[in-house]
>>> print(open('start_6.pdb').read())   # PDB, C-alpha atoms, pLDDT in the B column
ATOM      1  CA  MET A 115      -1.737  -6.470  31.575  1.00 64.00           C
ATOM      2  CA  SER A 116      -1.046  -4.166  34.487  1.00 73.00           C
ATOM      3  CA  GLU A 117      -2.277  -0.617  34.708  1.00 85.00           C
ATOM      4  CA  PRO A 118       0.292   1.822  33.329  1.00 91.00           C
ATOM      5  CA  ASN A 119       1.846   4.213  35.842  1.00 93.00           C
ATOM      6  CA  TYR A 120       1.963   7.995  35.401  1.00 94.00           C
ATOM      7  CA  LYS A 121       5.403   8.005  33.761  1.00 95.00           C
ATOM      8  CA  GLU A 122       4.379   5.276  31.293  1.00 95.00           C
ATOM      9  CA  MET A 123       1.234   7.217  30.380  1.00 96.00           C
ATOM     10  CA  VAL A 124       3.189  10.435  29.799  1.00 95.00           C
ATOM     11  CA  ASP A 125       5.747   8.532  27.678  1.00 95.00           C
ATOM     12  CA  ALA A 126       3.004   6.773  25.680  1.00 95.00           C
ATOM     13  CA  MET A 127       1.224  10.081  25.032  1.00 95.00           C
ATOM     14  CA  SER A 128       4.484  11.832  24.105  1.00 95.00           C
ATOM     15  CA  HIS A 129       5.449   9.111  21.613  1.00 95.00           C
ATOM     16  CA  ASN A 130       1.943   8.468  20.203  1.00 92.00           C
ATOM     17  CA  ASP A 131       2.200   4.835  21.292  1.00 92.00           C
ATOM     18  CA  ALA A 132      -0.813   2.968  19.875  1.00 88.00           C
ATOM     19  CA  SER A 133      -0.104  -0.082  22.046  1.00 90.00           C
ATOM     20  CA  TYR A 134      -1.614   1.873  24.956  1.00 93.00           C
ATOM     21  CA  ASP A 135      -4.839   2.751  23.110  1.00 92.00           C
ATOM     22  CA  GLY A 136      -7.804   1.620  25.182  1.00 90.00           C
ATOM     23  CA  ARG A 137      -5.673   1.049  28.287  1.00 93.00           C
ATOM     24  CA  PHE A 138      -6.131   4.698  29.262  1.00 95.00           C
ATOM     25  CA  TYR A 139      -7.392   7.965  27.827  1.00 96.00           C
ATOM     26  CA  VAL A 140      -5.728  11.376  27.778  1.00 97.00           C
ATOM     27  CA  GLY A 141      -7.991  14.195  28.942  1.00 97.00           C
ATOM     28  CA  VAL A 142      -7.002  17.736  27.991  1.00 96.00           C
ATOM     29  CA  ILE A 143      -8.826  20.020  30.404  1.00 95.00           C
ATOM     30  CA  SER A 144      -7.978  23.248  28.554  1.00 95.00           C
ATOM     31  CA  THR A 145      -9.723  22.040  25.362  1.00 95.00           C
ATOM     32  CA  GLY A 146     -12.412  19.806  26.891  1.00 96.00           C
ATOM     33  CA  ILE A 147     -11.337  16.844  24.760  1.00 97.00           C
ATOM     34  CA  TYR A 148     -10.151  13.325  25.544  1.00 96.00           C
ATOM     35  CA  CYS A 149      -7.836  11.428  23.202  1.00 96.00           C
ATOM     36  CA  LEU A 150      -6.195   8.088  22.684  1.00 95.00           C
ATOM     37  CA  PRO A 151      -2.506   7.922  23.643  1.00 96.00           C
ATOM     38  CA  SER A 152      -1.677   7.541  19.930  1.00 93.00           C
ATOM     39  CA  CYS A 153      -3.425  10.770  18.895  1.00 94.00           C
ATOM     40  CA  LYS A 154      -1.370  12.787  16.414  1.00 92.00           C
ATOM     41  CA  ALA A 155      -2.774  16.148  17.560  1.00 92.00           C
ATOM     42  CA  LYS A 156      -0.393  18.719  19.024  1.00 94.00           C
ATOM     43  CA  LEU A 157       1.023  17.548  22.340  1.00 94.00           C
ATOM     44  CA  PRO A 158      -0.774  19.378  25.175  1.00 95.00           C
ATOM     45  CA  LYS A 159       0.957  21.026  28.101  1.00 95.00           C
ATOM     46  CA  ILE A 160       1.333  18.423  30.823  1.00 95.00           C
ATOM     47  CA  GLU A 161      -0.355  20.686  33.401  1.00 96.00           C
ATOM     48  CA  ASN A 162      -3.547  20.519  31.281  1.00 96.00           C
ATOM     49  CA  VAL A 163      -3.553  16.710  31.097  1.00 97.00           C
ATOM     50  CA  VAL A 164      -5.569  14.309  33.238  1.00 96.00           C
ATOM     51  CA  PHE A 165      -5.398  10.564  32.594  1.00 97.00           C
ATOM     52  CA  PHE A 166      -8.528   8.430  32.726  1.00 96.00           C
ATOM     53  CA  ALA A 167      -8.734   4.650  32.977  1.00 93.00           C
ATOM     54  CA  THR A 168     -11.927   4.502  30.889  1.00 92.00           C
ATOM     55  CA  ARG A 169     -13.757   6.510  28.289  1.00 90.00           C
ATOM     56  CA  GLU A 170     -16.733   6.765  30.645  1.00 92.00           C
ATOM     57  CA  GLU A 171     -14.583   8.521  33.265  1.00 94.00           C
ATOM     58  CA  ALA A 172     -13.487  11.086  30.677  1.00 94.00           C
ATOM     59  CA  ILE A 173     -17.080  11.687  29.588  1.00 93.00           C
ATOM     60  CA  SER A 174     -18.186  11.992  33.233  1.00 91.00           C
ATOM     61  CA  ALA A 175     -15.546  14.692  33.657  1.00 92.00           C
ATOM     62  CA  GLY A 176     -17.322  16.679  30.932  1.00 94.00           C
ATOM     63  CA  LEU A 177     -14.922  15.927  28.074  1.00 96.00           C
ATOM     64  CA  ARG A 178     -15.881  15.029  24.518  1.00 95.00           C
ATOM     65  CA  GLY A 179     -14.111  12.644  22.159  1.00 93.00           C
ATOM     66  CA  CYS A 180     -11.373  13.847  19.842  1.00 94.00           C
ATOM     67  CA  LYS A 181     -12.353  14.147  16.193  1.00 91.00           C
ATOM     68  CA  ARG A 182      -8.803  13.482  15.027  1.00 91.00           C
ATOM     69  CA  CYS A 183      -8.116  10.151  16.776  1.00 91.00           C
ATOM     70  CA  LYS A 184     -11.814   9.230  17.073  1.00 88.00           C
ATOM     71  CA  SER A 185     -11.396   8.285  20.728  1.00 90.00           C
ATOM     72  CA  GLU A 186     -15.140   7.977  21.212  1.00 87.00           C
ATOM     73  CA  GLN A 187     -15.289   5.223  18.584  1.00 83.00           C
ATOM     74  CA  TYR A 188     -12.252   3.227  19.701  1.00 86.00           C
ATOM     75  CA  PRO A 189     -11.582   0.394  18.859  1.00 81.00           C
ATOM     76  CA  ASP A 190     -13.615   0.915  15.654  1.00 73.00           C
ATOM     77  CA  VAL A 191     -11.801   3.993  14.400  1.00 67.00           C
ATOM     78  CA  LEU A 192     -12.248   3.323  10.690  1.00 75.00           C
ATOM     79  CA  PRO A 193     -14.033   6.034   8.723  1.00 80.00           C
ATOM     80  CA  THR A 194     -17.639   5.435   7.688  1.00 83.00           C
ATOM     81  CA  TRP A 195     -16.737   5.510   4.013  1.00 90.00           C
ATOM     82  CA  LEU A 196     -14.392   2.548   4.466  1.00 89.00           C
ATOM     83  CA  HIS A 197     -17.183   0.431   5.960  1.00 87.00           C
ATOM     84  CA  GLU A 198     -19.390   1.403   2.998  1.00 91.00           C
ATOM     85  CA  VAL A 199     -16.681   0.488   0.462  1.00 94.00           C
ATOM     86  CA  LEU A 200     -16.091  -2.896   2.128  1.00 92.00           C
ATOM     87  CA  LYS A 201     -19.833  -3.605   2.128  1.00 93.00           C
ATOM     88  CA  PHE A 202     -20.060  -2.632  -1.549  1.00 95.00           C
ATOM     89  CA  MET A 203     -17.113  -4.902  -2.417  1.00 94.00           C
ATOM     90  CA  ARG A 204     -18.629  -7.858  -0.564  1.00 93.00           C
ATOM     91  CA  GLU A 205     -21.985  -7.362  -2.277  1.00 94.00           C
ATOM     92  CA  ASN A 206     -20.447  -6.921  -5.755  1.00 93.00           C
ATOM     93  CA  ARG A 207     -18.124  -9.890  -6.137  1.00 92.00           C
ATOM     94  CA  THR A 208     -19.274 -10.518  -9.695  1.00 90.00           C
ATOM     95  CA  GLU A 209     -17.937  -7.357 -11.311  1.00 88.00           C
ATOM     96  CA  LYS A 210     -14.562  -5.788 -11.745  1.00 88.00           C
ATOM     97  CA  LEU A 211     -13.949  -2.626  -9.722  1.00 91.00           C
ATOM     98  CA  ASN A 212     -11.698   0.250 -10.749  1.00 92.00           C
ATOM     99  CA  GLU A 213     -10.058   3.067  -8.824  1.00 93.00           C
ATOM    100  CA  MET A 214     -12.274   5.752 -10.403  1.00 94.00           C
ATOM    101  CA  LYS A 215     -15.321   4.048  -8.859  1.00 93.00           C
ATOM    102  CA  LEU A 216     -13.563   4.058  -5.465  1.00 93.00           C
ATOM    103  CA  ILE A 217     -12.826   7.780  -5.760  1.00 93.00           C
ATOM    104  CA  GLN A 218     -16.479   8.463  -6.604  1.00 93.00           C
ATOM    105  CA  MET A 219     -17.748   6.297  -3.727  1.00 92.00           C
ATOM    106  CA  THR A 220     -15.485   7.752  -1.057  1.00 92.00           C
ATOM    107  CA  GLY A 221     -15.006  11.339  -2.121  1.00 92.00           C
ATOM    108  CA  HIS A 222     -11.300  10.918  -1.340  1.00 91.00           C
ATOM    109  CA  ASP A 223      -8.265  10.714  -3.577  1.00 92.00           C
ATOM    110  CA  ILE A 224      -7.034   7.227  -4.388  1.00 93.00           C
ATOM    111  CA  SER A 225      -3.869   7.580  -2.302  1.00 91.00           C
ATOM    112  CA  THR A 226      -6.008   8.055   0.833  1.00 89.00           C
ATOM    113  CA  VAL A 227      -8.131   5.014  -0.025  1.00 92.00           C
ATOM    114  CA  ARG A 228      -5.013   2.917  -0.686  1.00 92.00           C
ATOM    115  CA  ARG A 229      -3.396   4.071   2.558  1.00 87.00           C
ATOM    116  CA  TYR A 230      -6.414   3.009   4.656  1.00 85.00           C
ATOM    117  CA  PHE A 231      -6.556  -0.393   2.964  1.00 89.00           C
ATOM    118  CA  LYS A 232      -2.812  -0.925   3.343  1.00 85.00           C
ATOM    119  CA  THR A 233      -2.830   0.132   7.012  1.00 77.00           C
ATOM    120  CA  HIS A 234      -5.937  -1.729   8.145  1.00 76.00           C
ATOM    121  CA  LEU A 235      -6.227  -4.663   5.723  1.00 80.00           C
ATOM    122  CA  ASP A 236      -2.606  -5.089   4.618  1.00 83.00           C
ATOM    123  CA  THR A 237      -3.544  -5.036   0.935  1.00 91.00           C
ATOM    124  CA  THR A 238      -4.633  -2.643  -1.795  1.00 94.00           C
ATOM    125  CA  PRO A 239      -8.341  -1.998  -2.437  1.00 95.00           C
ATOM    126  CA  LEU A 240      -8.223  -3.712  -5.824  1.00 95.00           C
ATOM    127  CA  GLY A 241      -6.255  -6.621  -4.338  1.00 94.00           C
ATOM    128  CA  PHE A 242      -8.864  -7.017  -1.596  1.00 94.00           C
ATOM    129  CA  HIS A 243     -11.711  -7.015  -4.127  1.00 95.00           C
ATOM    130  CA  ARG A 244      -9.840  -9.438  -6.411  1.00 94.00           C
ATOM    131  CA  ARG A 245      -9.473 -11.844  -3.462  1.00 94.00           C
ATOM    132  CA  LEU A 246     -13.236 -11.607  -2.791  1.00 95.00           C
ATOM    133  CA  ARG A 247     -13.969 -12.317  -6.460  1.00 95.00           C
ATOM    134  CA  LEU A 248     -11.583 -15.285  -6.556  1.00 95.00           C
ATOM    135  CA  ASN A 249     -13.053 -16.752  -3.360  1.00 94.00           C
ATOM    136  CA  HIS A 250     -16.518 -16.419  -4.895  1.00 94.00           C
ATOM    137  CA  ALA A 251     -15.304 -18.100  -8.096  1.00 94.00           C
ATOM    138  CA  ARG A 252     -13.806 -20.950  -6.062  1.00 93.00           C
ATOM    139  CA  ASP A 253     -17.142 -21.393  -4.252  1.00 93.00           C
ATOM    140  CA  LEU A 254     -18.943 -21.511  -7.609  1.00 93.00           C
ATOM    141  CA  ILE A 255     -16.512 -24.129  -8.964  1.00 92.00           C
ATOM    142  CA  GLU A 256     -16.783 -26.224  -5.818  1.00 89.00           C
ATOM    143  CA  SER A 257     -20.570 -26.141  -6.094  1.00 89.00           C
ATOM    144  CA  GLY A 258     -20.442 -27.608  -9.629  1.00 89.00           C
ATOM    145  CA  ARG A 259     -19.873 -24.707 -12.026  1.00 90.00           C
ATOM    146  CA  ASP A 260     -17.247 -25.076 -14.717  1.00 90.00           C
ATOM    147  CA  TYR A 261     -14.346 -22.722 -14.197  1.00 88.00           C
ATOM    148  CA  LEU A 262     -14.906 -20.648 -17.349  1.00 92.00           C
ATOM    149  CA  SER A 263     -18.467 -19.790 -16.290  1.00 92.00           C
ATOM    150  CA  ALA A 264     -17.235 -18.975 -12.792  1.00 93.00           C
ATOM    151  CA  ALA A 265     -14.518 -16.743 -14.240  1.00 93.00           C
ATOM    152  CA  TYR A 266     -16.905 -14.765 -16.432  1.00 92.00           C
ATOM    153  CA  ASP A 267     -19.505 -14.588 -13.624  1.00 92.00           C
ATOM    154  CA  CYS A 268     -16.853 -12.989 -11.390  1.00 93.00           C
ATOM    155  CA  GLY A 269     -15.923 -10.283 -13.879  1.00 91.00           C
ATOM    156  CA  TYR A 270     -12.891 -11.873 -15.523  1.00 93.00           C
ATOM    157  CA  GLU A 271     -12.677 -11.237 -19.246  1.00 91.00           C
ATOM    158  CA  SER A 272     -10.129 -13.892 -20.161  1.00 92.00           C
ATOM    159  CA  ALA A 273      -9.672 -17.490 -19.120  1.00 92.00           C
ATOM    160  CA  SER A 274      -5.893 -17.157 -18.931  1.00 93.00           C
ATOM    161  CA  GLY A 275      -6.062 -14.067 -16.708  1.00 93.00           C
ATOM    162  CA  PHE A 276      -8.473 -15.865 -14.397  1.00 94.00           C
ATOM    163  CA  ARG A 277      -6.367 -19.047 -14.346  1.00 94.00           C
ATOM    164  CA  ASP A 278      -3.208 -17.073 -13.488  1.00 95.00           C
ATOM    165  CA  ALA A 279      -4.898 -15.030 -10.740  1.00 94.00           C
ATOM    166  CA  PHE A 280      -6.541 -18.180  -9.322  1.00 94.00           C
ATOM    167  CA  ALA A 281      -3.277 -20.124  -9.258  1.00 93.00           C
ATOM    168  CA  LYS A 282      -1.482 -17.222  -7.616  1.00 93.00           C
ATOM    169  CA  GLN A 283      -4.202 -16.912  -4.944  1.00 92.00           C
ATOM    170  CA  PHE A 284      -4.762 -20.600  -4.193  1.00 92.00           C
ATOM    171  CA  GLY A 285      -1.518 -22.259  -5.297  1.00 92.00           C
ATOM    172  CA  ARG A 286      -3.154 -24.372  -7.994  1.00 91.00           C
ATOM    173  CA  PRO A 287      -5.132 -23.789 -11.183  1.00 91.00           C
ATOM    174  CA  PRO A 288      -8.933 -23.873 -11.026  1.00 91.00           C
ATOM    175  CA  GLY A 289      -9.132 -27.110 -13.040  1.00 83.00           C
ATOM    176  CA  ARG A 290      -7.592 -28.987 -10.112  1.00 80.00           C
ATOM    177  CA  LEU A 291     -10.715 -28.313  -8.043  1.00 74.00           C
ATOM    178  CA  TYR A 292     -12.618 -30.769 -10.269  1.00 63.00           C
ATOM    179  CA  ALA A 293     -10.403 -33.567  -8.979  1.00 58.00           C
ATOM    180  CA  ASN A 294     -11.515 -32.750  -5.439  1.00 57.00           C
ATOM    181  CA  ARG A 295     -15.213 -33.153  -6.192  1.00 54.00           C
TER     182      ARG A 295
END
>>> encode(input="start_6.pdb", output="structure tokens")
Amino acid sequence: MSEPNYKEMVDAMSHNDASYDGRFYVGVISTGIYCLPSCKAKLPKIENVVFFATREEAISAGLRGCKRCKSEQYPDVLPTWLHEVLKFMRENRTEKLNEMKLIQMTGHDISTVRRYFKTHLDTTPLGFHRRLRLNHARDLIESGRDYLSAAYDCGYESASGFRDAFAKQFGRPPGRLYANR
């Protein structure tokens, strides 16, 4: 990919174009901050803007990262709480999770939690956790467990609910995995 020219950088900054994130950084001399081109902060006056090819150049110029777009953390711009929730979900595949627990863990309202999951993982938080639980149940069945034990071990309270969720996720009921052993 070629280096963007001045006009492209101004256009990308003006339109909050995330496809340019990491290709250059927007330094705002009047505030002492550098941003990603996609930053949603108020558009600075063009006479206060300096473009940098790398984050290191912006830092060398005495600028600090933007707290809004998290330019200093790019490409990992996810909030800390999201990493903690994902870790919790991966470590707790044997119990059902509810939205109240997510609110307590994150300190954010459920719409914020859902929005981050939808944007970055293309699913809901409960859908993501359900997929983890079903994958764990499949692993248990494939290692020799009967599917009812696997269902209860993964937090399902009814065999029919588990069978339906399993078939929807994997395209076949859990009993068919026995044929593959």
>>> closest_atom_pairs(input="start_6.pdb", of="segment 251-288 of chain A", to="segment 205-217 of chain A", cutoff="8 Å", atoms="all atoms listed in the file", output="Markdown table")
| residue | atom | partner | partner_atom | distance |
| --- | --- | --- | --- | --- |
| A:Asp267 | CA | A:Thr208 | CA | 5.7 |
| A:Cys268 | CA | A:Thr208 | CA | 3.9 |
| A:Gly269 | CA | A:Glu209 | CA | 4.4 |
| A:Tyr270 | CA | A:Lys210 | CA | 7.4 |
>>> closest_residue(input="start_6.pdb", among="A:Asp125, A:Glu271, A:Asp135, A:Glu186", to="Ile147 of chain A", atoms="all atoms listed in the file")
A:Glu186
>>> atom_distance(input="start_6.pdb", atom1="atom CA of Phe242 of chain A", atom2="atom CA of Ser257 of chain A")
22.9 Å
>>> resolve_selection(input="start_6.pdb", expression="the PyMOL selection byres ((chain A and resi 230-235) around 12)", output="number ranges by chain")
A: 190-197, 199-200, 216, 220, 222-229, 236-243
>>> resolve_selection(input="start_6.pdb", expression="the PyMOL selection byres ((chain A and resi 151) around 10)", output="tab-separated table (two decimals) with C-alpha atoms, keeping the file's coordinate frame")
chain	number	residue	atom	x	y	z
A	123	MET	CA	1.23	7.22	30.38
A	124	VAL	CA	3.19	10.44	29.80
A	125	ASP	CA	5.75	8.53	27.68
A	126	ALA	CA	3.00	6.77	25.68
A	127	MET	CA	1.22	10.08	25.03
A	128	SER	CA	4.48	11.83	24.10
A	129	HIS	CA	5.45	9.11	21.61
A	130	ASN	CA	1.94	8.47	20.20
A	131	ASP	CA	2.20	4.84	21.29
A	132	ALA	CA	-0.81	2.97	19.88
A	133	SER	CA	-0.10	-0.08	22.05
A	134	TYR	CA	-1.61	1.87	24.96
A	135	ASP	CA	-4.84	2.75	23.11
A	136	GLY	CA	-7.80	1.62	25.18
A	137	ARG	CA	-5.67	1.05	28.29
A	138	PHE	CA	-6.13	4.70	29.26
A	139	TYR	CA	-7.39	7.96	27.83
A	140	VAL	CA	-5.73	11.38	27.78
A	141	GLY	CA	-7.99	14.20	28.94
A	148	TYR	CA	-10.15	13.32	25.54
A	149	CYS	CA	-7.84	11.43	23.20
A	150	LEU	CA	-6.20	8.09	22.68
A	152	SER	CA	-1.68	7.54	19.93
A	153	CYS	CA	-3.42	10.77	18.90
A	154	LYS	CA	-1.37	12.79	16.41
A	165	PHE	CA	-5.40	10.56	32.59
A	183	CYS	CA	-8.12	10.15	16.78
A	185	SER	CA	-11.40	8.28	20.73
>>> atom_distance(input="start_6.pdb", atom1="atom CA of Gly176 of chain A", atom2="atom CA of Ile160 of chain A")
18.7 Å
>>> atom_distance(input="start_6.pdb", atom1="atom CA of Arg252 of chain A", atom2="atom CA of Met219 of chain A")
27.6 Å
